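Source file: data.txt (compact mmCIF, C-alpha atoms and all ligand atoms)
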# COMPACT_ATOMS: atom_id res chain seq x y z
CA MET A 1 -46.32 -30.75 -235.97
CA MET A 2 -42.98 -32.60 -235.88
CA LYS A 3 -43.06 -35.82 -237.93
CA LYS A 4 -40.30 -37.43 -235.95
CA PHE A 5 -40.02 -38.29 -232.27
CA ILE A 6 -38.19 -36.63 -229.41
CA LEU A 7 -36.24 -39.36 -227.59
CA VAL A 8 -36.14 -38.57 -223.86
CA LEU A 9 -33.44 -40.12 -221.67
CA ASN A 10 -33.61 -39.69 -217.93
CA LEU A 11 -31.15 -41.66 -215.86
CA GLY A 12 -31.60 -41.48 -212.12
CA SER A 13 -29.51 -43.22 -209.49
CA THR A 14 -31.84 -46.23 -209.39
CA THR A 15 -33.73 -46.11 -212.69
CA THR A 16 -33.44 -45.50 -216.41
CA LYS A 17 -36.53 -43.78 -217.79
CA VAL A 18 -36.94 -43.62 -221.57
CA ALA A 19 -39.74 -42.02 -223.59
CA LEU A 20 -40.75 -41.03 -227.09
CA PHE A 21 -42.69 -37.81 -227.55
CA ARG A 22 -44.27 -36.46 -230.70
CA ASP A 23 -44.33 -32.69 -230.13
CA LEU A 24 -45.51 -32.48 -226.50
CA ASN A 25 -47.50 -35.73 -226.55
CA CYS A 26 -46.03 -38.79 -224.93
CA HIS A 27 -46.18 -41.76 -227.32
CA ILE A 28 -44.58 -44.30 -224.98
CA VAL A 29 -42.65 -44.16 -221.69
CA LYS A 30 -40.92 -46.91 -219.74
CA THR A 31 -39.10 -47.05 -216.40
CA TYR A 32 -36.41 -49.68 -215.91
CA SER A 33 -35.40 -50.26 -212.27
CA HIS A 34 -31.84 -51.52 -211.96
CA ASP A 35 -30.54 -53.93 -209.37
CA LYS A 36 -28.24 -52.73 -206.63
CA GLU A 37 -25.18 -54.51 -208.10
CA LEU A 38 -25.41 -52.21 -211.13
CA ILE A 39 -26.36 -48.93 -209.43
CA SER A 40 -23.64 -49.15 -206.78
CA GLN A 41 -20.93 -49.13 -209.49
CA ASP A 42 -19.24 -46.01 -210.89
CA ILE A 43 -21.18 -44.55 -213.80
CA SER A 44 -18.53 -45.51 -216.37
CA ALA A 45 -19.11 -49.15 -215.41
CA GLN A 46 -22.88 -48.71 -215.87
CA LYS A 47 -22.65 -47.16 -219.34
CA ALA A 48 -22.91 -50.28 -221.54
CA ALA A 49 -25.82 -51.82 -219.60
CA ARG A 50 -27.80 -48.58 -219.55
CA TYR A 51 -27.15 -47.91 -223.30
CA ASP A 52 -28.38 -51.44 -224.06
CA THR A 53 -31.52 -50.65 -222.03
CA VAL A 54 -32.22 -47.62 -224.26
CA MET A 55 -31.61 -49.59 -227.48
CA MET A 56 -33.85 -52.42 -226.21
CA PHE A 57 -36.59 -49.87 -225.51
CA LEU A 58 -36.35 -48.52 -229.08
CA SER A 59 -36.32 -51.96 -230.61
CA GLU A 60 -39.36 -53.06 -228.56
CA ALA A 61 -41.16 -49.86 -229.60
CA GLY A 62 -40.35 -50.61 -233.27
CA ILE A 63 -38.50 -47.30 -233.63
CA THR A 64 -35.24 -46.75 -235.52
CA PRO A 65 -32.86 -43.80 -235.04
CA GLU A 66 -34.14 -42.35 -238.36
CA ASP A 67 -37.50 -41.79 -236.63
CA ILE A 68 -35.90 -39.47 -234.06
CA SER A 69 -35.31 -35.73 -234.55
CA ILE A 70 -33.64 -34.77 -231.25
CA VAL A 71 -32.50 -36.40 -228.01
CA ALA A 72 -33.65 -34.69 -224.80
CA SER A 73 -31.60 -35.70 -221.80
CA ARG A 74 -31.40 -35.01 -218.09
CA GLY A 75 -28.31 -32.94 -217.37
CA GLY A 76 -25.58 -33.95 -215.01
CA LEU A 77 -22.84 -32.54 -212.83
CA LEU A 78 -21.39 -29.51 -214.61
CA HIS A 79 -20.27 -26.15 -213.29
CA PRO A 80 -23.20 -24.10 -211.88
CA VAL A 81 -25.49 -22.79 -214.63
CA GLU A 82 -28.72 -20.86 -215.03
CA GLY A 83 -31.82 -22.87 -215.94
CA GLY A 84 -32.66 -23.58 -219.60
CA THR A 85 -31.89 -25.94 -222.49
CA TYR A 86 -28.27 -26.50 -223.52
CA LEU A 87 -26.72 -28.23 -226.52
CA ILE A 88 -24.56 -31.21 -225.52
CA ASN A 89 -21.27 -30.01 -227.01
CA ASP A 90 -17.67 -31.17 -226.56
CA ASP A 91 -17.10 -28.92 -223.51
CA MET A 92 -20.11 -30.44 -221.79
CA LEU A 93 -19.29 -34.01 -222.73
CA LEU A 94 -15.75 -33.61 -221.40
CA ASP A 95 -17.00 -32.28 -218.04
CA LEU A 96 -19.60 -35.06 -217.77
CA THR A 97 -17.15 -37.83 -218.67
CA SER A 98 -14.19 -36.62 -216.64
CA GLY A 99 -16.35 -36.45 -213.51
CA LYS A 100 -14.64 -33.10 -212.80
CA TYR A 101 -17.75 -31.96 -210.91
CA GLY A 102 -18.69 -35.39 -209.53
CA ASP A 103 -20.09 -38.73 -210.54
CA HIS A 104 -23.87 -39.20 -210.76
CA ALA A 105 -26.28 -41.13 -212.99
CA SER A 106 -27.47 -37.85 -214.51
CA ASN A 107 -23.95 -37.49 -216.05
CA LEU A 108 -24.59 -40.78 -217.79
CA SER A 109 -27.87 -39.40 -219.17
CA GLY A 110 -25.91 -36.74 -221.10
CA ILE A 111 -23.14 -39.19 -222.00
CA LEU A 112 -25.61 -41.71 -223.49
CA ALA A 113 -27.44 -38.91 -225.34
CA ALA A 114 -24.08 -37.75 -226.80
CA GLU A 115 -23.22 -41.31 -227.82
CA PHE A 116 -26.57 -41.74 -229.55
CA SER A 117 -26.15 -38.31 -231.16
CA LYS A 118 -22.67 -39.23 -232.48
CA ASN A 119 -23.74 -42.66 -233.73
CA HIS A 120 -26.79 -41.38 -235.57
CA GLY A 121 -26.08 -37.71 -236.38
CA ILE A 122 -28.94 -36.39 -234.21
CA GLU A 123 -28.77 -33.27 -232.02
CA ALA A 124 -28.81 -33.83 -228.25
CA VAL A 125 -29.72 -31.33 -225.51
CA ILE A 126 -30.15 -31.16 -221.75
CA THR A 127 -32.65 -29.06 -219.76
CA ASP A 128 -32.45 -27.69 -216.19
CA PRO A 129 -29.54 -29.88 -215.07
CA VAL A 130 -28.94 -30.83 -211.44
CA VAL A 131 -26.44 -27.94 -211.12
CA VAL A 132 -28.95 -25.10 -211.65
CA ASP A 133 -27.82 -22.54 -209.08
CA GLU A 134 -30.14 -19.84 -207.71
CA LEU A 135 -28.88 -19.94 -204.10
CA CYS A 136 -29.00 -16.70 -202.16
CA ASN A 137 -25.64 -15.47 -200.96
CA GLU A 138 -26.17 -16.48 -197.32
CA ALA A 139 -26.97 -20.07 -198.35
CA LYS A 140 -23.53 -20.47 -199.95
CA TYR A 141 -21.66 -19.99 -196.65
CA THR A 142 -20.34 -22.68 -194.34
CA GLY A 143 -18.39 -22.06 -191.18
CA LEU A 144 -15.07 -22.71 -192.93
CA LYS A 145 -13.69 -19.86 -195.01
CA ASN A 146 -12.83 -21.82 -198.15
CA VAL A 147 -15.64 -24.37 -198.05
CA LYS A 148 -18.76 -23.25 -199.94
CA ARG A 149 -22.20 -24.87 -200.19
CA THR A 150 -23.22 -25.68 -203.76
CA SER A 151 -26.56 -26.24 -205.45
CA ILE A 152 -27.02 -29.83 -206.65
CA PHE A 153 -30.61 -30.97 -206.66
CA HIS A 154 -33.58 -32.28 -208.64
CA ALA A 155 -33.93 -28.89 -210.36
CA LEU A 156 -35.90 -30.23 -213.32
CA ASN A 157 -38.58 -31.99 -211.32
CA GLN A 158 -38.76 -29.53 -208.43
CA LYS A 159 -39.47 -26.70 -210.87
CA ALA A 160 -41.86 -28.79 -212.98
CA ALA A 161 -43.83 -29.80 -209.84
CA ALA A 162 -43.85 -26.19 -208.57
CA ARG A 163 -45.17 -24.92 -211.94
CA LYS A 164 -47.81 -27.66 -212.03
CA TYR A 165 -49.02 -26.61 -208.58
CA ALA A 166 -49.03 -22.92 -209.56
CA ASP A 167 -51.12 -23.74 -212.67
CA SER A 168 -53.55 -25.78 -210.56
CA VAL A 169 -54.34 -22.76 -208.36
CA GLY A 170 -54.36 -20.22 -211.22
CA GLN A 171 -51.12 -18.57 -210.04
CA THR A 172 -47.70 -18.11 -211.55
CA TYR A 173 -44.65 -19.87 -210.10
CA GLU A 174 -42.98 -16.46 -209.81
CA ASN A 175 -45.73 -15.28 -207.40
CA LEU A 176 -45.45 -18.09 -204.86
CA ASN A 177 -43.29 -19.20 -201.95
CA LEU A 178 -43.08 -23.00 -201.98
CA ILE A 179 -41.17 -25.78 -200.27
CA VAL A 180 -40.66 -28.60 -202.77
CA ILE A 181 -39.36 -32.01 -201.69
CA HIS A 182 -38.18 -34.49 -204.31
CA MET A 183 -37.84 -37.95 -202.76
CA GLY A 184 -36.01 -40.24 -205.19
CA GLY A 185 -32.73 -42.13 -204.83
CA GLY A 186 -31.57 -38.79 -203.39
CA ILE A 187 -33.81 -36.43 -201.41
CA THR A 188 -33.66 -32.66 -201.91
CA VAL A 189 -35.74 -30.03 -200.11
CA GLY A 190 -35.89 -26.66 -201.88
CA ALA A 191 -37.04 -23.24 -200.68
CA HIS A 192 -38.62 -21.68 -203.80
CA HIS A 193 -38.95 -17.93 -203.26
CA LEU A 194 -40.90 -16.21 -206.06
CA GLY A 195 -39.59 -18.59 -208.75
CA LYS A 196 -36.01 -18.98 -207.50
CA VAL A 197 -34.60 -21.85 -205.41
CA ILE A 198 -32.81 -19.70 -202.86
CA ASP A 199 -31.81 -22.61 -200.62
CA VAL A 200 -31.70 -26.38 -201.11
CA ASN A 201 -29.72 -29.20 -199.55
CA ASN A 202 -27.04 -30.58 -201.85
CA GLY A 203 -28.48 -33.98 -202.85
CA LEU A 204 -25.12 -35.63 -203.32
CA ASN A 205 -22.44 -34.49 -200.93
CA GLY A 206 -23.63 -35.28 -197.42
CA ASP A 207 -26.17 -32.52 -196.82
CA GLY A 208 -29.79 -32.71 -195.67
CA PRO A 209 -31.83 -35.82 -194.86
CA MET A 210 -30.66 -39.37 -195.48
CA SER A 211 -32.37 -40.89 -198.51
CA PRO A 212 -32.67 -44.31 -200.16
CA THR A 213 -29.02 -44.13 -201.32
CA ARG A 214 -27.48 -41.00 -199.68
CA ALA A 215 -26.04 -40.63 -196.21
CA GLY A 216 -27.28 -37.04 -195.80
CA SER A 217 -25.72 -34.71 -193.18
CA LEU A 218 -23.10 -36.38 -191.02
CA PRO A 219 -21.22 -35.20 -187.93
CA ALA A 220 -17.77 -34.17 -189.20
CA ASP A 221 -15.90 -35.83 -186.31
CA GLY A 222 -17.75 -39.14 -186.74
CA LEU A 223 -17.05 -39.07 -190.44
CA LEU A 224 -13.33 -38.43 -190.02
CA LYS A 225 -13.05 -41.17 -187.37
CA TYR A 226 -14.91 -43.67 -189.61
CA MET A 227 -12.58 -42.86 -192.51
CA ALA A 228 -9.41 -43.12 -190.44
CA GLU A 229 -10.38 -46.36 -188.65
CA ARG A 230 -11.14 -48.12 -191.94
CA ASN A 231 -8.31 -46.49 -193.86
CA LEU A 232 -10.73 -45.38 -196.58
CA SER A 233 -9.75 -43.14 -199.51
CA LYS A 234 -11.55 -39.94 -200.48
CA ASN A 235 -13.21 -41.74 -203.42
CA GLU A 236 -14.36 -44.60 -201.20
CA MET A 237 -15.90 -42.07 -198.81
CA ILE A 238 -17.64 -40.22 -201.67
CA HIS A 239 -19.03 -43.53 -202.88
CA LEU A 240 -20.34 -44.36 -199.42
CA ILE A 241 -21.96 -40.95 -198.91
CA SER A 242 -23.48 -40.51 -202.36
CA LYS A 243 -24.28 -44.05 -203.55
CA ALA A 244 -24.27 -46.54 -200.71
CA GLY A 245 -25.65 -44.51 -197.79
CA GLY A 246 -29.08 -44.00 -196.29
CA LEU A 247 -31.58 -46.86 -196.50
CA LEU A 248 -29.10 -48.92 -198.52
CA SER A 249 -26.50 -48.65 -195.75
CA HIS A 250 -28.95 -49.46 -192.93
CA LEU A 251 -31.18 -52.04 -194.60
CA ASN A 252 -29.21 -53.35 -197.57
CA THR A 253 -31.89 -52.19 -199.98
CA GLU A 254 -32.86 -48.79 -201.35
CA ASP A 255 -36.33 -49.97 -202.33
CA VAL A 256 -38.99 -48.40 -200.11
CA ARG A 257 -41.57 -50.92 -201.40
CA ASP A 258 -39.49 -53.84 -200.09
CA ILE A 259 -38.84 -52.01 -196.82
CA THR A 260 -42.53 -51.32 -196.16
CA ALA A 261 -43.31 -54.96 -196.99
CA ASP A 262 -40.73 -55.98 -194.34
CA ILE A 263 -42.33 -53.59 -191.86
CA ASN A 264 -45.74 -55.12 -192.55
CA ASN A 265 -44.14 -58.46 -191.71
CA GLY A 266 -43.10 -57.08 -188.32
CA ASN A 267 -39.52 -55.90 -188.97
CA ARG A 268 -39.05 -53.25 -186.24
CA HIS A 269 -35.54 -52.24 -187.32
CA SER A 270 -36.80 -51.33 -190.82
CA ALA A 271 -39.59 -49.29 -189.24
CA GLU A 272 -37.11 -47.42 -187.06
CA VAL A 273 -34.89 -46.49 -190.02
CA LEU A 274 -37.84 -45.16 -192.06
CA GLU A 275 -39.01 -43.21 -189.00
CA ALA A 276 -35.55 -41.64 -188.73
CA MET A 277 -35.56 -40.70 -192.43
CA ALA A 278 -39.01 -39.09 -192.05
CA PHE A 279 -37.78 -37.18 -188.97
CA GLN A 280 -34.84 -35.80 -190.95
CA ILE A 281 -37.05 -34.81 -193.89
CA GLY A 282 -39.45 -33.02 -191.53
CA LYS A 283 -36.54 -31.19 -189.89
CA GLU A 284 -35.22 -30.04 -193.30
CA ILE A 285 -38.66 -28.74 -194.27
CA GLY A 286 -38.77 -26.77 -191.01
CA ALA A 287 -35.40 -25.24 -191.90
CA LYS A 288 -36.69 -24.19 -195.31
CA ALA A 289 -39.79 -22.64 -193.70
CA ALA A 290 -37.40 -20.47 -191.66
CA VAL A 291 -35.49 -19.49 -194.83
CA LEU A 292 -38.85 -18.36 -196.30
CA ARG A 293 -39.51 -16.47 -193.03
CA GLY A 294 -42.65 -18.51 -192.42
CA GLN A 295 -44.31 -17.22 -195.60
CA VAL A 296 -44.98 -20.62 -197.18
CA ASP A 297 -47.90 -20.95 -199.63
CA GLN A 298 -47.66 -24.74 -200.08
CA ILE A 299 -45.46 -27.74 -199.39
CA ILE A 300 -45.17 -30.01 -202.44
CA PHE A 301 -43.89 -33.59 -202.37
CA THR A 302 -42.79 -35.42 -205.49
CA GLY A 303 -40.46 -38.29 -206.54
CA GLY A 304 -40.83 -42.07 -206.33
CA VAL A 305 -40.86 -42.31 -202.52
CA SER A 306 -43.90 -40.01 -202.30
CA TYR A 307 -45.98 -42.90 -203.71
CA SER A 308 -45.56 -44.41 -200.25
CA ASN A 309 -48.48 -43.53 -197.96
CA TYR A 310 -46.48 -45.14 -195.17
CA VAL A 311 -43.63 -42.62 -195.56
CA MET A 312 -45.97 -39.67 -196.14
CA ASP A 313 -47.88 -40.53 -192.94
CA LEU A 314 -44.59 -40.51 -191.03
CA ILE A 315 -43.55 -37.06 -192.36
CA THR A 316 -46.87 -35.18 -192.22
CA PRO A 317 -47.11 -34.72 -188.41
CA TYR A 318 -43.77 -32.85 -188.41
CA ILE A 319 -44.82 -30.29 -191.02
CA SER A 320 -48.58 -29.89 -191.19
CA PHE A 321 -48.37 -26.76 -188.99
CA ILE A 322 -46.29 -24.97 -191.66
CA ALA A 323 -48.54 -24.95 -194.75
CA PRO A 324 -50.95 -27.19 -196.68
CA VAL A 325 -49.42 -30.20 -198.44
CA THR A 326 -49.76 -31.36 -202.07
CA ILE A 327 -48.36 -34.71 -203.20
CA TYR A 328 -47.41 -35.34 -206.83
CA PRO A 329 -45.98 -38.88 -206.73
CA GLY A 330 -43.41 -39.80 -209.36
CA GLU A 331 -42.01 -37.11 -211.59
CA PHE A 332 -42.71 -34.77 -214.51
CA GLU A 333 -39.16 -34.89 -215.76
CA MET A 334 -39.97 -36.62 -219.04
CA GLU A 335 -42.53 -33.96 -219.99
CA ALA A 336 -40.18 -31.17 -218.87
CA LEU A 337 -37.28 -32.59 -220.92
CA ALA A 338 -39.49 -33.04 -224.00
CA TYR A 339 -40.76 -29.48 -223.53
CA GLY A 340 -37.19 -28.11 -223.44
CA ALA A 341 -36.20 -29.96 -226.62
CA TYR A 342 -39.45 -29.04 -228.37
CA THR A 343 -39.00 -25.37 -227.49
CA VAL A 344 -35.45 -25.10 -228.86
CA SER A 345 -36.43 -27.10 -231.97
CA ASN A 346 -38.97 -24.39 -232.70
CA ASP A 347 -36.91 -21.40 -231.60
CA ARG A 348 -33.15 -21.83 -232.02
CA THR A 349 -32.45 -18.55 -230.18
CA LEU A 350 -33.46 -20.25 -226.91
CA LEU A 351 -30.76 -22.92 -227.19
CA LYS A 352 -27.94 -22.13 -224.73
CA THR A 353 -24.27 -22.96 -225.13
CA TYR A 354 -22.28 -24.56 -222.32
CA LYS A 355 -18.70 -23.38 -221.96
CA ALA A 356 -16.14 -25.06 -219.75
CA GLU A 357 -14.91 -22.95 -216.83
CA GLY A 358 -11.99 -20.82 -217.88
CA SER A 359 -12.82 -21.04 -221.61
CA HIS A 360 -13.45 -17.82 -223.59
CA ASP A 361 -15.63 -16.84 -226.55
N1 LIG B 401 -44.86 -47.13 -205.62
C1 LIG B 401 -43.86 -46.88 -204.79
N2 LIG B 401 -44.03 -46.95 -203.45
C2 LIG B 401 -43.01 -46.69 -202.60
N3 LIG B 401 -41.77 -46.34 -203.00
C3 LIG B 401 -41.54 -46.25 -204.31
C4 LIG B 401 -42.56 -46.51 -205.29
N4 LIG B 401 -42.02 -46.33 -206.51
C5 LIG B 401 -40.72 -45.98 -206.32
N5 LIG B 401 -40.44 -45.95 -205.01
C6 LIG B 401 -39.14 -45.64 -204.38
O1 LIG B 401 -38.66 -44.41 -204.90
C7 LIG B 401 -37.22 -44.46 -204.99
C8 LIG B 401 -36.81 -44.13 -206.40
O2 LIG B 401 -37.40 -42.91 -206.75
P1 LIG B 401 -37.34 -42.35 -208.23
O3 LIG B 401 -37.82 -40.93 -208.16
O4 LIG B 401 -38.05 -43.26 -209.15
O5 LIG B 401 -35.80 -42.56 -208.49
P2 LIG B 401 -34.61 -41.85 -209.16
O6 LIG B 401 -34.00 -41.01 -208.10
O7 LIG B 401 -33.73 -42.98 -209.58
O8 LIG B 401 -35.17 -41.08 -210.31
C9 LIG B 401 -36.81 -45.85 -204.57
O9 LIG B 401 -36.44 -45.84 -203.20
C10 LIG B 401 -38.10 -46.66 -204.75
O10 LIG B 401 -38.14 -47.76 -203.88
C1 LIG B 402 -27.88 -35.05 -207.84
C2 LIG B 402 -29.20 -34.57 -207.33
C3 LIG B 402 -30.29 -35.31 -208.00
C4 LIG B 402 -30.46 -36.67 -207.42
O1 LIG B 402 -30.20 -36.93 -206.26
O2 LIG B 402 -31.00 -37.57 -208.28
P1 LIG B 402 -31.43 -39.08 -207.93
O3 LIG B 402 -32.48 -39.03 -206.89
O4 LIG B 402 -31.93 -39.60 -209.24
O5 LIG B 402 -30.19 -39.79 -207.50
Any chance you could put this one into structure tokens?
Amino acid sequence: MMKKFILVLNLGSTTTKVALFRDLNCHIVKTYSHDKELISQDISAQKAARYDTVMMFLSEAGITPEDISIVASRGGLLHPVEGGTYLINDDMLLDLTSGKYGDHASNLSGILAAEFSKNHGIEAVITDPVVVDELCNEAKYTGLKNVKRTSIFHALNQKAAARKYADSVGQTYENLNLIVIHMGGGITVGAHHLGKVIDVNNGLNGDGPMSPTRAGSLPADGLLKYMAERNLSKNEMIHLISKAGGLLSHLNTEDVRDITADINNGNRHSAEVLEAMAFQIGKEIGAKAAVLRGQVDQIIFTGGVSYSNYVMDLITPYISFIAPVTIYPGEFEMEALAYGAYTVSNDRTLLKTYKAEGSHD
């Protein structure tokens, strides 16, 4: 039994989730939802406010850094890696901070963990970052020779939800074909074939359904015209697609709870936008069923938006013919992160080392 706590940091695009675990038992967990002024800024501009949130959590819990043995953090945009638990080292911190592979709140998770680690001399790790890549070869192709599809998705929670389902039916994850949909600030739909995510929409770069904050797939000509007419830079376009798109673009809020309240008050436009999002999610699930050649054991929904019966009722008619549906609202990321840190604390051989692209042993 570890005497000290595992501090778990999980920064999503709209929330900061912080927890303290003793071994695998959750002692306390809190979710802080941030306002849209904060979350629409670049991650470097969010760093101080989100670090203060973590320190406030610890102070309210009556915990000092001396009570913590390891920091377990959600991993961010790095080069593609296999699943597992990685030490946050200088190579990783540099790639997260430079934004070389993109800018997302999960980068800030690792950056804050590294900051805490440096300030207090405590080891920090990440588990199953958003860049876990198990795509089959065909899924990497686009119709332009030098443009490749990449795997950026809610790897941690999709796999945790898939394993939870497998356990619940007395099966192993590696024996099942599943479609897992994480509906958070971003929405990703993964085709899990015998324990590997062989196809998934990239949750950040304009691929798949629109989501609370993402534009999703866009017609290339419309996109280029929009950019040219407004004289927008590449970075402004990336911001629009990955942080200010989807529900936020249409309805000026990313909060599905507020949107459904508006709908209940008779707002037809809000209803139409949610109906369109559900249509796109259904279509993406159909595409993943084709990737799995129709052999789908279960469709599993997870993430914050799957708390919404309103949204689930809109999606279900598009997909119920494919396979039975299980809904695990919210996420299991905190448990999965604590598990990763706990495992490497007890068996150092399982701790993986991240190396920057082009670096050698
Ligand atoms: N109880 C709820 N009912 C409906 N929507 C919810 C609920 N809780 C969270 N959401 C929505 O889920 C989204 C955030 O999902 P979450 O998985 O918590 O976020 P993140 O991607 O930041 O980790 C937001 O659009 C939020 O409005
Ligand atoms: C970058 C893929 C994961 C993702 O979209 O996370 P959020 O839903 O937290 O933004």
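Nearest residue to ligand LIG 402 (chain B) among A:Val81, A:Leu204, A:Ala228, A:Leu248 is A:Leu204, counting only C-alpha atoms and all ligand atoms.
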Point to revise | Exercise: range 250-261 of chain A partners within 9 Å, only C-alpha atoms, chain neighbours under 6 positions left out, as a list of chain:residue names | key: A:Thr14, A:Lys36, A:Gly185, A:Ser211, A:Pro212, A:Thr213, A:Ala244, A:Asn267, A:His269, A:Ser270, A:Ala271, A:Val273, A:Leu274, A:Val305, A:Ser308, A:Tyr310, A:Val311
Residue list as an mmCIF file with C-alpha atoms, in the frame of the given file for point (-41.8, -45.4, -224.8), cut-off 6 Å, all atoms listed in the file:
data_model
loop_
_atom_site.group_PDB
_atom_site.id
_atom_site.type_symbol
_atom_site.label_atom_id
_atom_site.label_comp_id
_atom_site.auth_asym_id
_atom_site.auth_seq_id
_atom_site.Cartn_x
_atom_site.Cartn_y
_atom_site.Cartn_z
ATOM 1 C CA ALA A 19 -39.740 -42.020 -223.590
ATOM 2 C CA LEU A 20 -40.750 -41.030 -227.090
ATOM 3 C CA ILE A 28 -44.580 -44.300 -224.980
ATOM 4 C CA VAL A 29 -42.650 -44.160 -221.690
ATOM 5 C CA LYS A 30 -40.920 -46.910 -219.740
#
Practice item. Could you check how far atom C2 of ligand LIG 402 (chain B) sits from CA of Ile152 in chain A, in Å to one decimal? Key: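 According to the coordinates, atom C2 of ligand LIG 402 (chain B) and CA of Ile152 in chain A are separated by 5.3 Å.
Within 8 Å of Tyr173 in chain A, once all atoms listed in the file are used and residues closer than 6 positions along the same chain are dropped, the contacting residues are Ala162, Arg163, Ala166, Asp167, Leu194 and Gly195 of chain A.
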